[in-house]
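Student: Input structure: work.pdb, which contains PDB, N, CA and C atoms.
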MODEL        1
ATOM      1  N   MET A   3       5.646   5.596  16.616  1.00  0.00           N
ATOM      2  CA  MET A   3       6.186   4.282  16.893  1.00  0.00           C
ATOM      3  C   MET A   3       5.557   3.234  15.976  1.00  0.00           C
ATOM      4  N   LEU A   4       4.235   3.280  15.845  1.00  0.00           N
ATOM      5  CA  LEU A   4       3.551   2.320  14.987  1.00  0.00           C
ATOM      6  C   LEU A   4       3.951   2.508  13.532  1.00  0.00           C
ATOM      7  N   ALA A   5       4.097   3.761  13.126  1.00  0.00           N
ATOM      8  CA  ALA A   5       4.483   4.032  11.738  1.00  0.00           C
ATOM      9  C   ALA A   5       5.876   3.482  11.453  1.00  0.00           C
ATOM     10  N   ARG A   6       6.778   3.623  12.379  1.00  0.00           N
ATOM     11  CA  ARG A   6       8.131   3.092  12.191  1.00  0.00           C
ATOM     12  C   ARG A   6       8.121   1.575  12.149  1.00  0.00           C
ATOM     13  N   LEU A   7       7.295   0.965  12.967  1.00  0.00           N
ATOM     14  CA  LEU A   7       7.188  -0.489  12.967  1.00  0.00           C
ATOM     15  C   LEU A   7       6.615  -0.988  11.644  1.00  0.00           C
ATOM     16  N   LEU A   8       5.585  -0.309  11.144  1.00  0.00           N
ATOM     17  CA  LEU A   8       5.011  -0.687   9.857  1.00  0.00           C
ATOM     18  C   LEU A   8       6.015  -0.487   8.724  1.00  0.00           C
ATOM     19  N   MET A   9       6.776   0.594   8.778  1.00  0.00           N
ATOM     20  CA  MET A   9       7.790   0.848   7.761  1.00  0.00           C
ATOM     21  C   MET A   9       8.869  -0.230   7.799  1.00  0.00           C
ATOM     22  N   LEU A  10       9.295  -0.619   8.985  1.00  0.00           N
ATOM     23  CA  LEU A  10      10.291  -1.669   9.123  1.00  0.00           C
ATOM     24  C   LEU A  10       9.765  -2.989   8.574  1.00  0.00           C
ATOM     25  N   ALA A  11       8.520  -3.303   8.888  1.00  0.00           N
ATOM     26  CA  ALA A  11       7.916  -4.534   8.374  1.00  0.00           C
ATOM     27  C   ALA A  11       7.833  -4.499   6.854  1.00  0.00           C
ATOM     28  N   MET A  12       7.488  -3.343   6.292  1.00  0.00           N
ATOM     29  CA  MET A  12       7.403  -3.221   4.839  1.00  0.00           C
ATOM     30  C   MET A  12       8.787  -3.372   4.204  1.00  0.00           C
ATOM     31  N   LEU A  13       9.797  -2.779   4.803  1.00  0.00           N
ATOM     32  CA  LEU A  13      11.154  -2.903   4.271  1.00  0.00           C
ATOM     33  C   LEU A  13      11.654  -4.341   4.337  1.00  0.00           C
ATOM     34  N   LEU A  14      11.397  -5.011   5.430  1.00  0.00           N
ATOM     35  CA  LEU A  14      11.798  -6.411   5.540  1.00  0.00           C
ATOM     36  C   LEU A  14      11.103  -7.272   4.501  1.00  0.00           C
ATOM     37  N   THR A  15       9.831  -7.012   4.291  1.00  0.00           N
ATOM     38  CA  THR A  15       9.089  -7.750   3.279  1.00  0.00           C
ATOM     39  C   THR A  15       9.659  -7.490   1.891  1.00  0.00           C
ATOM     40  N   MET A  16      10.021  -6.248   1.620  1.00  0.00           N
ATOM     41  CA  MET A  16      10.612  -5.910   0.319  1.00  0.00           C
ATOM     42  C   MET A  16      11.899  -6.695   0.099  1.00  0.00           C
ATOM     43  N   PHE A  17      12.757  -6.740   1.097  1.00  0.00           N
ATOM     44  CA  PHE A  17      14.034  -7.424   0.945  1.00  0.00           C
ATOM     45  C   PHE A  17      13.865  -8.938   0.838  1.00  0.00           C
ATOM     46  N   LEU A  18      12.917  -9.484   1.569  1.00  0.00           N
ATOM     47  CA  LEU A  18      12.718 -10.930   1.536  1.00  0.00           C
ATOM     48  C   LEU A  18      12.156 -11.405   0.199  1.00  0.00           C
ATOM     49  N   TYR A  19      11.257 -10.632  -0.393  1.00  0.00           N
ATOM     50  CA  TYR A  19      10.575 -11.071  -1.600  1.00  0.00           C
ATOM     51  C   TYR A  19      11.090 -10.416  -2.878  1.00  0.00           C
ATOM     52  N   SER A  20      12.105  -9.607  -2.788  1.00  0.00           N
ATOM     53  CA  SER A  20      12.573  -8.905  -3.990  1.00  0.00           C
ATOM     54  C   SER A  20      13.170  -9.860  -5.015  1.00  0.00           C
ATOM     55  N   GLY A  21      13.644 -11.010  -4.603  1.00  0.00           N
ATOM     56  CA  GLY A  21      14.234 -11.964  -5.533  1.00  0.00           C
ATOM     57  C   GLY A  21      13.224 -12.906  -6.166  1.00  0.00           C
ATOM     58  N   CYS A  22      12.019 -12.955  -5.691  1.00  0.00           N
ATOM     59  CA  CYS A  22      11.018 -13.873  -6.229  1.00  0.00           C
ATOM     60  C   CYS A  22      10.436 -13.311  -7.523  1.00  0.00           C
ATOM     61  N   SER A  23      10.455 -14.119  -8.562  1.00  0.00           N
ATOM     62  CA  SER A  23       9.965 -13.621  -9.851  1.00  0.00           C
ATOM     63  C   SER A  23       8.443 -13.510  -9.894  1.00  0.00           C
ATOM     64  N   SER A  24       7.740 -14.301  -9.097  1.00  0.00           N
ATOM     65  CA  SER A  24       6.282 -14.260  -9.132  1.00  0.00           C
ATOM     66  C   SER A  24       5.715 -13.174  -8.208  1.00  0.00           C
ATOM     67  N   TYR A  25       6.549 -12.523  -7.444  1.00  0.00           N
ATOM     68  CA  TYR A  25       6.096 -11.505  -6.493  1.00  0.00           C
ATOM     69  C   TYR A  25       5.956 -10.168  -7.200  1.00  0.00           C
ATOM     70  N   ASN A  26       4.814  -9.507  -7.040  1.00  0.00           N
ATOM     71  CA  ASN A  26       4.551  -8.225  -7.684  1.00  0.00           C
ATOM     72  C   ASN A  26       4.894  -7.104  -6.708  1.00  0.00           C
ATOM     73  N   PHE A  27       6.143  -6.649  -6.752  1.00  0.00           N
ATOM     74  CA  PHE A  27       6.640  -5.659  -5.807  1.00  0.00           C
ATOM     75  C   PHE A  27       5.889  -4.327  -5.887  1.00  0.00           C
ATOM     76  N   PRO A  28       5.647  -3.764  -7.077  1.00  0.00           N
ATOM     77  CA  PRO A  28       4.903  -2.491  -7.120  1.00  0.00           C
ATOM     78  C   PRO A  28       3.508  -2.597  -6.500  1.00  0.00           C
ATOM     79  N   LYS A  29       2.850  -3.725  -6.697  1.00  0.00           N
ATOM     80  CA  LYS A  29       1.522  -3.914  -6.107  1.00  0.00           C
ATOM     81  C   LYS A  29       1.619  -3.935  -4.580  1.00  0.00           C
ATOM     82  N   ALA A  30       2.636  -4.587  -4.048  1.00  0.00           N
ATOM     83  CA  ALA A  30       2.809  -4.650  -2.603  1.00  0.00           C
ATOM     84  C   ALA A  30       3.074  -3.268  -2.015  1.00  0.00           C
ATOM     85  N   VAL A  31       3.878  -2.473  -2.704  1.00  0.00           N
ATOM     86  CA  VAL A  31       4.163  -1.124  -2.224  1.00  0.00           C
ATOM     87  C   VAL A  31       2.896  -0.279  -2.259  1.00  0.00           C
ATOM     88  N   TYR A  32       2.149  -0.355  -3.358  1.00  0.00           N
ATOM     89  CA  TYR A  32       0.911   0.419  -3.493  1.00  0.00           C
ATOM     90  C   TYR A  32      -0.070   0.064  -2.381  1.00  0.00           C
ATOM     91  N   GLU A  33      -0.286  -1.223  -2.169  1.00  0.00           N
ATOM     92  CA  GLU A  33      -1.224  -1.646  -1.148  1.00  0.00           C
ATOM     93  C   GLU A  33      -0.725  -1.321   0.260  1.00  0.00           C
ATOM     94  N   GLY A  34       0.585  -1.378   0.467  1.00  0.00           N
ATOM     95  CA  GLY A  34       1.150  -1.009   1.756  1.00  0.00           C
ATOM     96  C   GLY A  34       0.925   0.462   2.081  1.00  0.00           C
ATOM     97  N   VAL A  35       1.113   1.308   1.085  1.00  0.00           N
ATOM     98  CA  VAL A  35       0.893   2.743   1.287  1.00  0.00           C
ATOM     99  C   VAL A  35      -0.584   3.022   1.534  1.00  0.00           C
ATOM    100  N   GLN A  36      -1.458   2.350   0.796  1.00  0.00           N
ATOM    101  CA  GLN A  36      -2.894   2.528   1.008  1.00  0.00           C
ATOM    102  C   GLN A  36      -3.289   2.107   2.420  1.00  0.00           C
ATOM    103  N   THR A  37      -2.756   0.998   2.885  1.00  0.00           N
ATOM    104  CA  THR A  37      -3.063   0.514   4.230  1.00  0.00           C
ATOM    105  C   THR A  37      -2.537   1.472   5.293  1.00  0.00           C
ATOM    106  N   ARG A  38      -1.321   1.969   5.100  1.00  0.00           N
ATOM    107  CA  ARG A  38      -0.737   2.925   6.052  1.00  0.00           C
ATOM    108  C   ARG A  38      -1.588   4.184   6.136  1.00  0.00           C
ATOM    109  N   ASP A  39      -2.001   4.694   4.972  1.00  0.00           N
ATOM    110  CA  ASP A  39      -2.840   5.899   4.966  1.00  0.00           C
ATOM    111  C   ASP A  39      -4.173   5.656   5.670  1.00  0.00           C
ATOM    112  N   GLN A  40      -4.728   4.484   5.454  1.00  0.00           N
ATOM    113  CA  GLN A  40      -6.008   4.165   6.084  1.00  0.00           C
ATOM    114  C   GLN A  40      -5.850   4.038   7.604  1.00  0.00           C
ATOM    115  N   LEU A  41      -4.748   3.449   8.052  1.00  0.00           N
ATOM    116  CA  LEU A  41      -4.531   3.296   9.491  1.00  0.00           C
ATOM    117  C   LEU A  41      -4.245   4.619  10.180  1.00  0.00           C
ATOM    118  N   GLN A  42      -3.687   5.572   9.451  1.00  0.00           N
ATOM    119  CA  GLN A  42      -3.340   6.855  10.062  1.00  0.00           C
ATOM    120  C   GLN A  42      -4.496   7.848  10.085  1.00  0.00           C
ATOM    121  N   SER A  43      -5.559   7.573   9.364  1.00  0.00           N
ATOM    122  CA  SER A  43      -6.694   8.500   9.357  1.00  0.00           C
ATOM    123  C   SER A  43      -7.804   7.976  10.268  1.00  0.00           C
ATOM    124  N   THR A  44      -8.561   8.905  10.814  1.00  0.00           N
ATOM    125  CA  THR A  44      -9.672   8.520  11.683  1.00  0.00           C
ATOM    126  C   THR A  44     -10.895   8.207  10.827  1.00  0.00           C
ATOM    127  N   PRO A  45     -11.861   7.478  11.372  1.00  0.00           N
ATOM    128  CA  PRO A  45     -13.081   7.196  10.606  1.00  0.00           C
ATOM    129  C   PRO A  45     -13.799   8.471  10.164  1.00  0.00           C
ATOM    130  N   GLY A  46     -13.736   9.518  10.966  1.00  0.00           N
ATOM    131  CA  GLY A  46     -14.360  10.788  10.591  1.00  0.00           C
ATOM    132  C   GLY A  46     -13.699  11.421   9.380  1.00  0.00           C
ATOM    133  N   GLU A  47     -12.374  11.280   9.276  1.00  0.00           N
ATOM    134  CA  GLU A  47     -11.646  11.820   8.119  1.00  0.00           C
ATOM    135  C   GLU A  47     -11.969  11.033   6.845  1.00  0.00           C
ATOM    136  N   ARG A  48     -12.206   9.735   6.984  1.00  0.00           N
ATOM    137  CA  ARG A  48     -12.500   8.890   5.823  1.00  0.00           C
ATOM    138  C   ARG A  48     -13.952   8.972   5.384  1.00  0.00           C
ATOM    139  N   LEU A  49     -14.812   9.529   6.227  1.00  0.00           N
ATOM    140  CA  LEU A  49     -16.249   9.537   5.964  1.00  0.00           C
ATOM    141  C   LEU A  49     -16.608  10.226   4.660  1.00  0.00           C
ATOM    142  N   GLY A  50     -16.029  11.375   4.358  1.00  0.00           N
ATOM    143  CA  GLY A  50     -16.389  12.117   3.161  1.00  0.00           C
ATOM    144  C   GLY A  50     -15.584  11.748   1.928  1.00  0.00           C
ATOM    145  N   LYS A  51     -14.565  10.905   2.096  1.00  0.00           N
ATOM    146  CA  LYS A  51     -13.686  10.562   0.977  1.00  0.00           C
ATOM    147  C   LYS A  51     -14.168   9.294   0.278  1.00  0.00           C
ATOM    148  N   PRO A  52     -13.955   9.204  -1.033  1.00  0.00           N
ATOM    149  CA  PRO A  52     -14.307   7.959  -1.732  1.00  0.00           C
ATOM    150  C   PRO A  52     -13.341   6.837  -1.356  1.00  0.00           C
ATOM    151  N   GLU A  53     -13.775   5.624  -1.542  1.00  0.00           N
ATOM    152  CA  GLU A  53     -12.951   4.453  -1.262  1.00  0.00           C
ATOM    153  C   GLU A  53     -11.750   4.450  -2.210  1.00  0.00           C
ATOM    154  N   PRO A  54     -10.535   4.174  -1.699  1.00  0.00           N
ATOM    155  CA  PRO A  54      -9.375   4.159  -2.596  1.00  0.00           C
ATOM    156  C   PRO A  54      -9.495   3.035  -3.632  1.00  0.00           C
ATOM    157  N   ILE A  55      -8.940   3.269  -4.799  1.00  0.00           N
ATOM    158  CA  ILE A  55      -9.023   2.265  -5.863  1.00  0.00           C
ATOM    159  C   ILE A  55      -8.017   1.155  -5.596  1.00  0.00           C
ATOM    160  N   ASN A  56      -8.305  -0.041  -6.107  1.00  0.00           N
ATOM    161  CA  ASN A  56      -7.376  -1.142  -5.933  1.00  0.00           C
ATOM    162  C   ASN A  56      -6.249  -1.052  -6.968  1.00  0.00           C
ATOM    163  N   TYR A  57      -5.293  -1.940  -6.864  1.00  0.00           N
ATOM    164  CA  TYR A  57      -4.103  -1.856  -7.712  1.00  0.00           C
ATOM    165  C   TYR A  57      -4.424  -2.070  -9.192  1.00  0.00           C
ATOM    166  N   GLN A  58      -5.345  -2.966  -9.510  1.00  0.00           N
ATOM    167  CA  GLN A  58      -5.694  -3.205 -10.909  1.00  0.00           C
ATOM    168  C   GLN A  58      -6.298  -1.957 -11.539  1.00  0.00           C
ATOM    169  N   GLN A  59      -7.175  -1.275 -10.806  1.00  0.00           N
ATOM    170  CA  GLN A  59      -7.756  -0.034 -11.314  1.00  0.00           C
ATOM    171  C   GLN A  59      -6.683   1.041 -11.465  1.00  0.00           C
ATOM    172  N   TYR A  60      -5.766   1.090 -10.510  1.00  0.00           N
ATOM    173  CA  TYR A  60      -4.677   2.059 -10.572  1.00  0.00           C
ATOM    174  C   TYR A  60      -3.818   1.816 -11.818  1.00  0.00           C
ATOM    175  N   GLU A  61      -3.475   0.565 -12.070  1.00  0.00           N
ATOM    176  CA  GLU A  61      -2.651   0.229 -13.233  1.00  0.00           C
ATOM    177  C   GLU A  61      -3.359   0.602 -14.551  1.00  0.00           C
ATOM    178  N   SER A  62      -4.658   0.314 -14.638  1.00  0.00           N
ATOM    179  CA  SER A  62      -5.374   0.633 -15.874  1.00  0.00           C
ATOM    180  C   SER A  62      -5.450   2.143 -16.083  1.00  0.00           C
ATOM    181  N   GLU A  63      -5.634   2.916 -14.995  1.00  0.00           N
ATOM    182  CA  GLU A  63      -5.651   4.370 -15.107  1.00  0.00           C
ATOM    183  C   GLU A  63      -4.266   4.904 -15.472  1.00  0.00           C
ATOM    184  N   ARG A  64      -3.237   4.317 -14.909  1.00  0.00           N
ATOM    185  CA  ARG A  64      -1.884   4.789 -15.161  1.00  0.00           C
ATOM    186  C   ARG A  64      -1.466   4.529 -16.611  1.00  0.00           C
ATOM    187  N   LYS A  65      -1.924   3.419 -17.173  1.00  0.00           N
ATOM    188  CA  LYS A  65      -1.547   3.070 -18.550  1.00  0.00           C
ATOM    189  C   LYS A  65      -2.314   3.859 -19.590  1.00  0.00           C
ATOM    190  N   ARG A  66      -3.448   4.478 -19.220  1.00  0.00           N
ATOM    191  CA  ARG A  66      -4.231   5.249 -20.188  1.00  0.00           C
ATOM    192  C   ARG A  66      -3.593   6.535 -20.542  1.00  0.00           C
TER
ENDMDL
END
Step by step, read the file and then write its structure as structure tokens.

Tutor:
Amino acid sequence: MLARLLMLAMLLTMFLYSGCSSYNFPKAVYEGVQTRDQLQSTPGERLGKPEPINYQQYESERKR
């Protein structure tokens, strides 16, 4: 139920801001997915994993 609500909120946000030229849609999607993954995992599951990289680091790695 929570996942569907978050997905609906993300879709609504995409549609509302898709026309704005200053809005960085790929960054919003990336951060939304990172947040969803973090909310779905327990603290014990995250304990051994490294902290996810932010969007700027992701972009620099992707462009290399």

Student: Would you mind reading off the distance between CA of Asp39 in chain A and CA of Leu18 in chain A, one decimal, in Å?

Tutor: 23.2 Å

Student: Pick from A:Leu14, A:Arg64, A:Asn26, A:Leu4: nearest to Arg38 in chain A, with only C-alpha atoms counted?

Tutor: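 Ranking A:Leu14, A:Arg64, A:Asn26, A:Leu4 by distance to Arg38 in chain A, first place goes to A:Leu4.
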
Student: Quick check, in Å to one decimal: how far apart do atom N of Gln42 in chain A and CA of Lys65 in chain A lie?

Tutor: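 Interatomic distance, atom N of Gln42 in chain A to CA of Lys65 in chain A: 28.2 Å.
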
Student: Find the spatial neighbours of range 51-57 of chain A, counting all atoms listed in the file, within a cut-off of 7 Å - ignore same-chain residues fewer than 5 positions away - and output them as an MDAnalysis selection string.

Tutor: chainID A and resid 29 32:33 62

Student: Grab the atom C of Gly50 in chain A to CA of Val35 in chain A distance for me, in Å with one decimal place.

Tutor: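 Going from atom C of Gly50 in chain A over to CA of Val35 in chain A, I get 18.8 Å.
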
Student: So which residues touch Met12 in chain A within 9 Å, counting only C-alpha atoms, skipping near sequence neighbours fewer than 4 positions away, as a list of chain:residue names?

Tutor: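 The residues that qualify are A:Leu7, A:Leu8, A:Met16, A:Phe17, A:Ala30, A:Val31, A:Gly34.
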
Student: Select from chain A everything DSSP, run on the backbone, classes as alpha helix (DSSP H), then give the selection as a PyMOL selection string.

Tutor: chain A and resi 4-19+27-42+45-49+57-65
